[in-house]
>>> print(open('target26.tsv').read())   # TSV, N, CA and C atoms
chain	number	residue	atom	x	y	z
H	1	GLN	N	45.80	-7.37	-6.62
H	1	GLN	CA	44.81	-8.03	-7.44
H	1	GLN	C	45.29	-8.03	-8.89
H	2	VAL	N	45.27	-9.20	-9.51
H	2	VAL	CA	45.67	-9.34	-10.91
H	2	VAL	C	44.45	-9.76	-11.71
H	3	ASN	N	44.16	-9.02	-12.74
H	3	ASN	CA	43.04	-9.34	-13.61
H	3	ASN	C	43.54	-9.90	-14.93
H	4	VAL	N	42.83	-10.89	-15.43
H	4	VAL	CA	43.16	-11.51	-16.71
H	4	VAL	C	41.94	-11.40	-17.62
H	5	VAL	N	42.12	-10.85	-18.80
H	5	VAL	CA	41.00	-10.62	-19.70
H	5	VAL	C	41.32	-11.17	-21.09
H	6	GLU	N	40.42	-12.00	-21.62
H	6	GLU	CA	40.57	-12.54	-22.96
H	6	GLU	C	39.71	-11.77	-23.95
H	7	SER	N	40.06	-11.88	-25.22
H	7	SER	CA	39.24	-11.34	-26.29
H	7	SER	C	39.54	-12.11	-27.57
H	8	GLY	N	38.64	-11.97	-28.55
H	8	GLY	CA	38.91	-12.53	-29.86
H	8	GLY	C	38.09	-13.75	-30.23
H	9	GLY	N	37.25	-14.24	-29.37
H	9	GLY	CA	36.43	-15.39	-29.71
H	9	GLY	C	35.37	-15.03	-30.74
H	10	GLY	N	34.64	-16.04	-31.20
H	10	GLY	CA	33.58	-15.78	-32.17
H	10	GLY	C	33.15	-17.04	-32.89
H	11	LEU	N	32.41	-16.82	-33.97
H	11	LEU	CA	31.89	-17.92	-34.79
H	11	LEU	C	32.66	-17.97	-36.10
H	12	VAL	N	33.11	-19.16	-36.47
H	12	VAL	CA	33.89	-19.32	-37.69
H	12	VAL	C	33.54	-20.66	-38.32
H	13	GLN	N	33.66	-20.74	-39.62
H	13	GLN	CA	33.42	-22.00	-40.32
H	13	GLN	C	34.63	-22.92	-40.19
H	14	ALA	N	34.38	-24.19	-40.30
H	14	ALA	CA	35.47	-25.17	-40.27
H	14	ALA	C	36.51	-24.81	-41.34
H	15	GLY	N	37.77	-24.92	-40.95
H	15	GLY	CA	38.86	-24.55	-41.84
H	15	GLY	C	39.31	-23.10	-41.68
H	16	GLY	N	38.54	-22.33	-40.96
H	16	GLY	CA	38.87	-20.92	-40.76
H	16	GLY	C	39.85	-20.70	-39.64
H	17	SER	N	40.10	-19.42	-39.34
H	17	SER	CA	41.07	-19.04	-38.33
H	17	SER	C	40.50	-18.01	-37.37
H	18	LEU	N	41.03	-18.03	-36.15
H	18	LEU	CA	40.73	-17.02	-35.15
H	18	LEU	C	42.00	-16.76	-34.36
H	19	ARG	N	42.10	-15.55	-33.81
H	19	ARG	CA	43.23	-15.20	-32.95
H	19	ARG	C	42.67	-14.71	-31.62
H	20	LEU	N	43.04	-15.41	-30.56
H	20	LEU	CA	42.65	-15.00	-29.21
H	20	LEU	C	43.77	-14.20	-28.57
H	21	SER	N	43.38	-13.20	-27.83
H	21	SER	CA	44.34	-12.37	-27.10
H	21	SER	C	43.98	-12.39	-25.62
H	22	CYS	N	45.00	-12.18	-24.80
H	22	CYS	CA	44.78	-12.18	-23.36
H	22	CYS	C	45.83	-11.28	-22.72
H	23	ALA	N	45.41	-10.49	-21.75
H	23	ALA	CA	46.35	-9.63	-21.05
H	23	ALA	C	46.09	-9.67	-19.55
H	24	ALA	N	47.17	-9.68	-18.80
H	24	ALA	CA	47.09	-9.60	-17.34
H	24	ALA	C	47.43	-8.19	-16.90
H	25	SER	N	46.70	-7.69	-15.92
H	25	SER	CA	46.96	-6.35	-15.43
H	25	SER	C	46.79	-6.31	-13.92
H	26	GLY	N	47.41	-5.32	-13.31
H	26	GLY	CA	47.32	-5.17	-11.87
H	26	GLY	C	48.55	-4.48	-11.35
H	27	ARG	N	48.81	-4.62	-10.06
H	27	ARG	CA	49.95	-3.97	-9.44
H	27	ARG	C	50.92	-4.99	-8.88
H	28	SER	N	52.18	-4.74	-9.06
H	28	SER	CA	53.25	-5.50	-8.41
H	28	SER	C	53.14	-7.00	-8.64
H	29	PHE	N	53.16	-7.38	-9.89
H	29	PHE	CA	53.15	-8.81	-10.18
H	29	PHE	C	54.11	-9.12	-11.30
H	30	VAL	N	54.51	-10.37	-11.35
H	30	VAL	CA	55.37	-10.88	-12.40
H	30	VAL	C	54.72	-12.14	-12.96
H	31	THR	N	54.64	-12.23	-14.27
H	31	THR	CA	54.10	-13.45	-14.88
H	31	THR	C	55.25	-14.37	-15.26
H	32	TYR	N	55.10	-15.63	-14.97
H	32	TYR	CA	56.12	-16.62	-15.32
H	32	TYR	C	55.67	-17.51	-16.47
H	33	GLU	N	54.41	-17.73	-16.56
H	33	GLU	CA	53.87	-18.56	-17.62
H	33	GLU	C	52.45	-18.08	-17.91
H	34	MET	N	52.07	-18.15	-19.18
H	34	MET	CA	50.70	-17.85	-19.57
H	34	MET	C	50.26	-18.92	-20.56
H	35	GLY	N	48.96	-19.13	-20.62
H	35	GLY	CA	48.49	-20.16	-21.53
H	35	GLY	C	46.99	-20.21	-21.63
H	36	TRP	N	46.52	-21.31	-22.22
H	36	TRP	CA	45.11	-21.46	-22.54
H	36	TRP	C	44.61	-22.85	-22.17
H	37	PHE	N	43.40	-22.89	-21.62
H	37	PHE	CA	42.62	-24.09	-21.46
H	37	PHE	C	41.32	-23.88	-22.23
H	38	ARG	N	40.58	-24.95	-22.43
H	38	ARG	CA	39.27	-24.81	-23.04
H	38	ARG	C	38.30	-25.79	-22.40
H	39	GLU	N	37.02	-25.44	-22.47
H	39	GLU	CA	35.98	-26.27	-21.91
H	39	GLU	C	34.92	-26.52	-22.98
H	40	PRO	N	34.98	-27.69	-23.65
H	40	PRO	CA	33.97	-28.01	-24.67
H	40	PRO	C	32.61	-28.22	-24.00
H	41	PRO	N	31.54	-28.12	-24.75
H	41	PRO	CA	30.21	-28.32	-24.18
H	41	PRO	C	30.08	-29.69	-23.53
H	42	GLY	N	29.67	-29.71	-22.28
H	42	GLY	CA	29.44	-30.97	-21.58
H	42	GLY	C	30.69	-31.71	-21.15
H	43	LYS	N	31.85	-31.07	-21.29
H	43	LYS	CA	33.11	-31.74	-20.94
H	43	LYS	C	33.88	-30.92	-19.92
H	44	GLU	N	34.92	-31.53	-19.38
H	44	GLU	CA	35.75	-30.84	-18.40
H	44	GLU	C	36.75	-29.92	-19.11
H	45	ARG	N	37.24	-28.97	-18.34
H	45	ARG	CA	38.25	-28.07	-18.87
H	45	ARG	C	39.52	-28.84	-19.19
H	46	GLU	N	40.14	-28.54	-20.33
H	46	GLU	CA	41.34	-29.25	-20.77
H	46	GLU	C	42.41	-28.28	-21.22
H	47	PHE	N	43.64	-28.71	-21.07
H	47	PHE	CA	44.79	-27.91	-21.47
H	47	PHE	C	44.86	-27.77	-22.98
H	48	VAL	N	45.24	-26.57	-23.45
H	48	VAL	CA	45.41	-26.34	-24.89
H	48	VAL	C	46.87	-26.01	-25.22
H	49	ALA	N	47.39	-24.96	-24.59
H	49	ALA	CA	48.75	-24.52	-24.90
H	49	ALA	C	49.27	-23.61	-23.80
H	50	SER	N	50.61	-23.55	-23.68
H	50	SER	CA	51.21	-22.66	-22.70
H	50	SER	C	52.59	-22.23	-23.17
H	51	ILE	N	53.09	-21.16	-22.58
H	51	ILE	CA	54.41	-20.66	-22.93
H	51	ILE	C	54.99	-19.89	-21.76
H	52	GLY	N	56.28	-20.05	-21.51
H	52	GLY	CA	56.95	-19.28	-20.50
H	52	GLY	C	57.14	-17.85	-20.97
H	53	THR	N	56.94	-16.88	-20.12
H	53	THR	CA	57.01	-15.50	-20.57
H	53	THR	C	58.44	-15.00	-20.72
H	54	SER	N	59.40	-15.79	-20.27
H	54	SER	CA	60.81	-15.43	-20.47
H	54	SER	C	61.47	-16.31	-21.50
H	55	GLY	N	60.70	-16.95	-22.32
H	55	GLY	CA	61.24	-17.82	-23.35
H	55	GLY	C	60.95	-19.26	-23.04
H	56	GLY	N	61.57	-20.14	-23.78
H	56	GLY	CA	61.32	-21.57	-23.59
H	56	GLY	C	60.35	-22.09	-24.64
H	57	TRP	N	60.33	-23.36	-24.77
H	57	TRP	CA	59.50	-23.97	-25.79
H	57	TRP	C	58.04	-23.94	-25.39
H	58	PRO	N	57.16	-23.61	-26.31
H	58	PRO	CA	55.74	-23.69	-25.99
H	58	PRO	C	55.29	-25.14	-25.90
H	59	LYS	N	54.19	-25.36	-25.21
H	59	LYS	CA	53.62	-26.69	-25.07
H	59	LYS	C	52.22	-26.70	-25.66
H	60	TYR	N	51.86	-27.82	-26.28
H	60	TYR	CA	50.55	-27.94	-26.92
H	60	TYR	C	49.90	-29.27	-26.59
H	61	GLU	N	48.60	-29.24	-26.52
H	61	GLU	CA	47.83	-30.48	-26.46
H	61	GLU	C	47.93	-31.13	-27.84
H	62	ASP	N	47.96	-32.44	-27.88
H	62	ASP	CA	48.24	-33.14	-29.14
H	62	ASP	C	47.30	-32.77	-30.28
H	63	SER	N	46.04	-32.60	-29.99
H	63	SER	CA	45.07	-32.39	-31.07
H	63	SER	C	45.19	-31.01	-31.74
H	64	VAL	N	45.93	-30.08	-31.13
H	64	VAL	CA	46.06	-28.75	-31.73
H	64	VAL	C	47.45	-28.52	-32.32
H	65	LYS	N	48.37	-29.46	-32.12
H	65	LYS	CA	49.71	-29.31	-32.68
H	65	LYS	C	49.66	-29.15	-34.19
H	66	GLY	N	50.40	-28.18	-34.69
H	66	GLY	CA	50.43	-27.92	-36.12
H	66	GLY	C	49.32	-27.01	-36.60
H	67	ARG	N	48.33	-26.74	-35.74
H	67	ARG	CA	47.21	-25.86	-36.11
H	67	ARG	C	47.18	-24.59	-35.26
H	68	PHE	N	47.53	-24.70	-34.00
H	68	PHE	CA	47.50	-23.57	-33.07
H	68	PHE	C	48.93	-23.13	-32.76
H	69	THR	N	49.10	-21.84	-32.57
H	69	THR	CA	50.39	-21.28	-32.18
H	69	THR	C	50.19	-20.32	-31.01
H	70	VAL	N	50.92	-20.56	-29.93
H	70	VAL	CA	50.85	-19.69	-28.76
H	70	VAL	C	52.09	-18.80	-28.75
H	71	SER	N	51.89	-17.54	-28.42
H	71	SER	CA	53.00	-16.59	-28.35
H	71	SER	C	52.75	-15.62	-27.19
H	72	THR	N	53.80	-14.91	-26.82
H	72	THR	CA	53.68	-14.03	-25.66
H	72	THR	C	54.39	-12.71	-25.90
H	73	ASN	N	53.94	-11.68	-25.22
H	73	ASN	CA	54.59	-10.39	-25.18
H	73	ASN	C	54.77	-10.06	-23.70
H	74	LYS	N	55.99	-10.32	-23.20
H	74	LYS	CA	56.22	-10.18	-21.77
H	74	LYS	C	56.03	-8.74	-21.30
H	75	ALA	N	56.44	-7.79	-22.14
H	75	ALA	CA	56.33	-6.38	-21.76
H	75	ALA	C	54.89	-5.99	-21.52
H	76	ARG	N	53.98	-6.65	-22.22
H	76	ARG	CA	52.56	-6.33	-22.09
H	76	ARG	C	51.82	-7.34	-21.23
H	77	ASN	N	52.55	-8.31	-20.67
H	77	ASN	CA	51.91	-9.39	-19.90
H	77	ASN	C	50.75	-9.98	-20.71
H	78	ALA	N	51.06	-10.28	-21.95
H	78	ALA	CA	50.03	-10.75	-22.87
H	78	ALA	C	50.40	-12.10	-23.47
H	79	VAL	N	49.38	-12.86	-23.83
H	79	VAL	CA	49.56	-14.12	-24.52
H	79	VAL	C	48.51	-14.19	-25.63
H	80	TYR	N	48.89	-14.84	-26.72
H	80	TYR	CA	48.03	-14.92	-27.89
H	80	TYR	C	47.90	-16.38	-28.31
H	81	LEU	N	46.79	-16.70	-28.94
H	81	LEU	CA	46.60	-18.04	-29.48
H	81	LEU	C	46.07	-17.90	-30.91
H	82	GLN	N	46.93	-18.18	-31.86
H	82	GLN	CA	46.53	-18.18	-33.26
H	82	GLN	C	46.01	-19.57	-33.60
H	83	MET	N	44.76	-19.64	-34.01
H	83	MET	CA	44.12	-20.92	-34.28
H	83	MET	C	43.78	-21.00	-35.77
H	84	ASN	N	44.42	-21.93	-36.45
H	84	ASN	CA	44.19	-22.13	-37.88
H	84	ASN	C	43.55	-23.49	-38.13
H	85	ASN	N	42.96	-23.63	-39.30
H	85	ASN	CA	42.32	-24.90	-39.68
H	85	ASN	C	41.41	-25.41	-38.56
H	86	LEU	N	40.55	-24.53	-38.10
H	86	LEU	CA	39.68	-24.88	-36.98
H	86	LEU	C	38.69	-25.98	-37.36
H	87	LYS	N	38.39	-26.81	-36.39
H	87	LYS	CA	37.48	-27.94	-36.56
H	87	LYS	C	36.29	-27.79	-35.61
H	88	PRO	N	35.16	-28.41	-35.94
H	88	PRO	CA	34.00	-28.31	-35.03
H	88	PRO	C	34.34	-28.77	-33.61
H	89	GLU	N	35.24	-29.72	-33.47
H	89	GLU	CA	35.60	-30.20	-32.12
H	89	GLU	C	36.44	-29.20	-31.34
H	90	ASP	N	36.83	-28.11	-31.97
H	90	ASP	CA	37.52	-27.03	-31.25
H	90	ASP	C	36.53	-26.10	-30.56
H	91	THR	N	35.24	-26.30	-30.81
H	91	THR	CA	34.22	-25.48	-30.18
H	91	THR	C	34.30	-25.62	-28.67
H	92	ALA	N	34.42	-24.48	-27.98
H	92	ALA	CA	34.60	-24.50	-26.53
H	92	ALA	C	34.64	-23.07	-26.01
H	93	VAL	N	34.56	-22.95	-24.70
H	93	VAL	CA	34.92	-21.68	-24.05
H	93	VAL	C	36.42	-21.75	-23.76
H	94	TYR	N	37.14	-20.78	-24.23
H	94	TYR	CA	38.59	-20.75	-24.06
H	94	TYR	C	38.95	-19.82	-22.91
H	95	TYR	N	39.75	-20.35	-21.98
H	95	TYR	CA	40.15	-19.60	-20.80
H	95	TYR	C	41.65	-19.35	-20.83
H	96	CYS	N	42.01	-18.12	-20.58
H	96	CYS	CA	43.42	-17.74	-20.46
H	96	CYS	C	43.82	-17.78	-18.99
H	97	TYR	N	45.08	-18.09	-18.73
H	97	TYR	CA	45.58	-18.01	-17.36
H	97	TYR	C	46.97	-17.39	-17.36
H	98	ALA	N	47.29	-16.84	-16.21
H	98	ALA	CA	48.63	-16.32	-15.98
H	98	ALA	C	49.12	-16.86	-14.64
H	99	THR	N	50.31	-17.44	-14.66
H	99	THR	CA	50.94	-17.91	-13.42
H	99	THR	C	51.86	-16.81	-12.92
H	100	ILE	N	51.60	-16.33	-11.72
H	100	ILE	CA	52.37	-15.21	-11.17
H	100	ILE	C	53.18	-15.67	-9.96
H	101	GLN	N	53.81	-14.76	-9.28
H	101	GLN	CA	54.65	-15.12	-8.15
H	101	GLN	C	53.85	-15.90	-7.10
H	102	GLY	N	54.55	-16.83	-6.45
H	102	GLY	CA	53.90	-17.71	-5.50
H	102	GLY	C	53.22	-18.88	-6.18
H	103	ASN	N	53.50	-19.03	-7.48
H	103	ASN	CA	52.90	-20.11	-8.29
H	103	ASN	C	51.38	-20.03	-8.25
H	104	ILE	N	50.88	-18.79	-8.20
H	104	ILE	CA	49.44	-18.57	-8.19
H	104	ILE	C	48.97	-18.42	-9.63
H	105	ARG	N	47.88	-19.05	-9.94
H	105	ARG	CA	47.32	-18.98	-11.30
H	105	ARG	C	46.06	-18.14	-11.27
H	106	ARG	N	46.07	-17.12	-12.11
H	106	ARG	CA	44.89	-16.27	-12.27
H	106	ARG	C	44.23	-16.58	-13.60
H	107	TRP	N	42.89	-16.63	-13.60
H	107	TRP	CA	42.12	-17.02	-14.77
H	107	TRP	C	41.31	-15.85	-15.32
H	108	GLY	N	41.11	-15.88	-16.64
H	108	GLY	CA	40.19	-14.96	-17.26
H	108	GLY	C	38.77	-15.49	-17.18
H	109	GLN	N	37.86	-14.71	-17.72
H	109	GLN	CA	36.44	-15.06	-17.63
H	109	GLN	C	36.00	-16.00	-18.75
H	110	GLY	N	36.85	-16.19	-19.75
H	110	GLY	CA	36.54	-17.09	-20.86
H	110	GLY	C	35.97	-16.36	-22.06
H	111	THR	N	36.24	-16.92	-23.22
H	111	THR	CA	35.70	-16.38	-24.47
H	111	THR	C	35.23	-17.55	-25.34
H	112	GLN	N	34.05	-17.41	-25.92
H	112	GLN	CA	33.44	-18.51	-26.68
H	112	GLN	C	34.02	-18.59	-28.08
H	113	VAL	N	34.39	-19.79	-28.47
H	113	VAL	CA	34.79	-20.08	-29.85
H	113	VAL	C	33.84	-21.16	-30.38
H	114	THR	N	33.17	-20.86	-31.47
H	114	THR	CA	32.25	-21.80	-32.07
H	114	THR	C	32.66	-22.03	-33.52
H	115	VAL	N	32.86	-23.30	-33.87
H	115	VAL	CA	33.27	-23.67	-35.23
H	115	VAL	C	32.13	-24.46	-35.85
H	116	SER	N	31.59	-23.93	-36.93
H	116	SER	CA	30.48	-24.59	-37.61
H	116	SER	C	31.01	-25.51	-38.71
H	117	SER	N	30.30	-26.59	-38.95
H	117	SER	CA	30.73	-27.55	-39.97
H	117	SER	C	30.16	-27.22	-41.33
>>> encode(input="target26.tsv", output="structure tokens")
Amino acid sequence: QVNVVESGGGLVQAGGSLRLSCAASGRSFVTYEMGWFREPPGKEREFVASIGTSGGWPKYEDSVKGRFTVSTNKARNAVYLQMNNLKPEDTAVYYCYATIQGNIRRWGQGTQVTVSS
């Protein structure tokens, strides 16, 4: 069993910053990729950013490029999302995932990010 837990969400004014953290834990697993999706109010879940845990270029959804930075700590099976210059349209529940062996994706429970105008 692999558990994924996010933290770091909250309420921030437009133009502000937040840093989300996520860690995977369990027994006998290897993470190959970790990343973030988000689910805005009334909308479907959408991709935000991802990164390979052994290196490689990170990937971003177009609307967050230049504002969000995804990074990883493979030793800790952790991924981070630094979010700068936040906008009201970034308001969403942010979900972390970890892709482990067998191309299985494990999800966290989500953390709320609210950006006020």
>>> axis_aligned_box(input="target26.tsv", around="region 83-99 of chain H", padding_each_side="5 Å", output="lines of an AutoDock Vina configuration file")
center_x = 42.9
center_y = -23.3
center_z = -26.3
size_x = 27.9
size_y = 23.9
size_z = 36.8
>>> residues_around(input="target26.tsv", residues="Thr114 (chain H)", least_positions_apart="6", cutoff="6 Å", atoms="only N, CA and C atoms", output="PyMOL selection string")
chain H and resi 10-12+91-92
>>> write_last_selection(input="target26.tsv", atoms="N, CA and C atoms", output="compact mmCIF listing (two decimals), in the coordinates of the input")
# COMPACT_ATOMS: atom_id res chain seq x y z
N GLY H 10 34.64 -16.04 -31.20
CA GLY H 10 33.58 -15.78 -32.17
C GLY H 10 33.15 -17.04 -32.89
N LEU H 11 32.41 -16.82 -33.97
CA LEU H 11 31.89 -17.92 -34.79
C LEU H 11 32.66 -17.97 -36.10
N VAL H 12 33.11 -19.16 -36.47
CA VAL H 12 33.89 -19.32 -37.69
C VAL H 12 33.54 -20.66 -38.32
N THR H 91 35.24 -26.30 -30.81
CA THR H 91 34.22 -25.48 -30.18
C THR H 91 34.30 -25.62 -28.67
N ALA H 92 34.42 -24.48 -27.98
CA ALA H 92 34.60 -24.50 -26.53
C ALA H 92 34.64 -23.07 -26.01
>>> closest_residue(input="target26.tsv", among="H:Asp90, H:Leu81, H:Val30, H:Pro58", to="Leu18 (chain H)", atoms="only N, CA and C atoms")
H:Leu81
>>> atom_distance(input="target26.tsv", atom1="CA of Asn84 (chain H)", atom2="CA of Gly15 (chain H)")
7.1 Å
>>> closest_residue(input="target26.tsv", among="H:Val113, H:Tyr60, H:Gln1, H:Phe29", to="Gln101 (chain H)", atoms="only C-alpha atoms")
H:Phe29
>>> residues_near_point(input="target26.tsv", point="(39.6, -25.2, -23.3)", cutoff="8 Å", atoms="only C-alpha atoms", output="ChimeraX atom specification")
/H:36-40,45-48,92-95
>>> write_last_selection(input="target26.tsv", atoms="N, CA and C atoms", output="compact mmCIF listing (two decimals), in the coordinates of the input")
# COMPACT_ATOMS: atom_id res chain seq x y z
N TRP H 36 46.52 -21.31 -22.22
CA TRP H 36 45.11 -21.46 -22.54
C TRP H 36 44.61 -22.85 -22.17
N PHE H 37 43.40 -22.89 -21.62
CA PHE H 37 42.62 -24.09 -21.46
C PHE H 37 41.32 -23.88 -22.23
N ARG H 38 40.58 -24.95 -22.43
CA ARG H 38 39.27 -24.81 -23.04
C ARG H 38 38.30 -25.79 -22.40
N GLU H 39 37.02 -25.44 -22.47
CA GLU H 39 35.98 -26.27 -21.91
C GLU H 39 34.92 -26.52 -22.98
N PRO H 40 34.98 -27.69 -23.65
CA PRO H 40 33.97 -28.01 -24.67
C PRO H 40 32.61 -28.22 -24.00
N ARG H 45 37.24 -28.97 -18.34
CA ARG H 45 38.25 -28.07 -18.87
C ARG H 45 39.52 -28.84 -19.19
N GLU H 46 40.14 -28.54 -20.33
CA GLU H 46 41.34 -29.25 -20.77
C GLU H 46 42.41 -28.28 -21.22
N PHE H 47 43.64 -28.71 -21.07
CA PHE H 47 44.79 -27.91 -21.47
C PHE H 47 44.86 -27.77 -22.98
N VAL H 48 45.24 -26.57 -23.45
CA VAL H 48 45.41 -26.34 -24.89
C VAL H 48 46.87 -26.01 -25.22
N ALA H 92 34.42 -24.48 -27.98
CA ALA H 92 34.60 -24.50 -26.53
C ALA H 92 34.64 -23.07 -26.01
N VAL H 93 34.56 -22.95 -24.70
CA VAL H 93 34.92 -21.68 -24.05
C VAL H 93 36.42 -21.75 -23.76
N TYR H 94 37.14 -20.78 -24.23
CA TYR H 94 38.59 -20.75 -24.06
C TYR H 94 38.95 -19.82 -22.91
N TYR H 95 39.75 -20.35 -21.98
CA TYR H 95 40.15 -19.60 -20.80
C TYR H 95 41.65 -19.35 -20.83
>>> residues_around(input="target26.tsv", residues="Asn73 (chain H)", least_positions_apart="6", cutoff="12 Å", atoms="only C-alpha atoms", output="list in words")
Ser21, Cys22, Ala23, Ala24, Thr31, Tyr32, Glu33, Met34, Ile51, Gly52, Thr53, Ser54, Gly55, Val79, Tyr80 and Leu81 of chain H
>>> select_by_dssp(input="target26.tsv", residues="region 14-74 of chain H", states="strand (DSSP E)", output="count of residues only")
33
>>> select_by_dssp(input="target26.tsv", residues="chain H", states="helix (DSSP H, G or I)", output="list of chain:residue names")
H:Asp62, H:Ser63, H:Val64, H:Lys74, H:Ala75, H:Arg76, H:Pro88, H:Glu89, H:Asp90, H:Gln101, H:Gly102, H:Asn103
>>> write_last_selection(input="target26.tsv", atoms="N, CA and C atoms", output="PDB file, keeping the file's coordinate frame")
ATOM      1  N   ASP H  62      47.960 -32.440 -27.880  1.00  0.00           N
ATOM      2  CA  ASP H  62      48.240 -33.140 -29.140  1.00  0.00           C
ATOM      3  C   ASP H  62      47.300 -32.770 -30.280  1.00  0.00           C
ATOM      4  N   SER H  63      46.040 -32.600 -29.990  1.00  0.00           N
ATOM      5  CA  SER H  63      45.070 -32.390 -31.070  1.00  0.00           C
ATOM      6  C   SER H  63      45.190 -31.010 -31.740  1.00  0.00           C
ATOM      7  N   VAL H  64      45.930 -30.080 -31.130  1.00  0.00           N
ATOM      8  CA  VAL H  64      46.060 -28.750 -31.730  1.00  0.00           C
ATOM      9  C   VAL H  64      47.450 -28.520 -32.320  1.00  0.00           C
ATOM     10  N   LYS H  74      55.990 -10.320 -23.200  1.00  0.00           N
ATOM     11  CA  LYS H  74      56.220 -10.180 -21.770  1.00  0.00           C
ATOM     12  C   LYS H  74      56.030  -8.740 -21.300  1.00  0.00           C
ATOM     13  N   ALA H  75      56.440  -7.790 -22.140  1.00  0.00           N
ATOM     14  CA  ALA H  75      56.330  -6.380 -21.760  1.00  0.00           C
ATOM     15  C   ALA H  75      54.890  -5.990 -21.520  1.00  0.00           C
ATOM     16  N   ARG H  76      53.980  -6.650 -22.220  1.00  0.00           N
ATOM     17  CA  ARG H  76      52.560  -6.330 -22.090  1.00  0.00           C
ATOM     18  C   ARG H  76      51.820  -7.340 -21.230  1.00  0.00           C
ATOM     19  N   PRO H  88      35.160 -28.410 -35.940  1.00  0.00           N
ATOM     20  CA  PRO H  88      34.000 -28.310 -35.030  1.00  0.00           C
ATOM     21  C   PRO H  88      34.340 -28.770 -33.610  1.00  0.00           C
ATOM     22  N   GLU H  89      35.240 -29.720 -33.470  1.00  0.00           N
ATOM     23  CA  GLU H  89      35.600 -30.200 -32.120  1.00  0.00           C
ATOM     24  C   GLU H  89      36.440 -29.200 -31.340  1.00  0.00           C
ATOM     25  N   ASP H  90      36.830 -28.110 -31.970  1.00  0.00           N
ATOM     26  CA  ASP H  90      37.520 -27.030 -31.250  1.00  0.00           C
ATOM     27  C   ASP H  90      36.530 -26.100 -30.560  1.00  0.00           C
ATOM     28  N   GLN H 101      53.810 -14.760  -9.280  1.00  0.00           N
ATOM     29  CA  GLN H 101      54.650 -15.120  -8.150  1.00  0.00           C
ATOM     30  C   GLN H 101      53.850 -15.900  -7.100  1.00  0.00           C
ATOM     31  N   GLY H 102      54.550 -16.830  -6.450  1.00  0.00           N
ATOM     32  CA  GLY H 102      53.900 -17.710  -5.500  1.00  0.00           C
ATOM     33  C   GLY H 102      53.220 -18.880  -6.180  1.00  0.00           C
ATOM     34  N   ASN H 103      53.500 -19.030  -7.480  1.00  0.00           N
ATOM     35  CA  ASN H 103      52.900 -20.110  -8.290  1.00  0.00           C
ATOM     36  C   ASN H 103      51.380 -20.030  -8.250  1.00  0.00           C
TER      37      ASN H 103
END
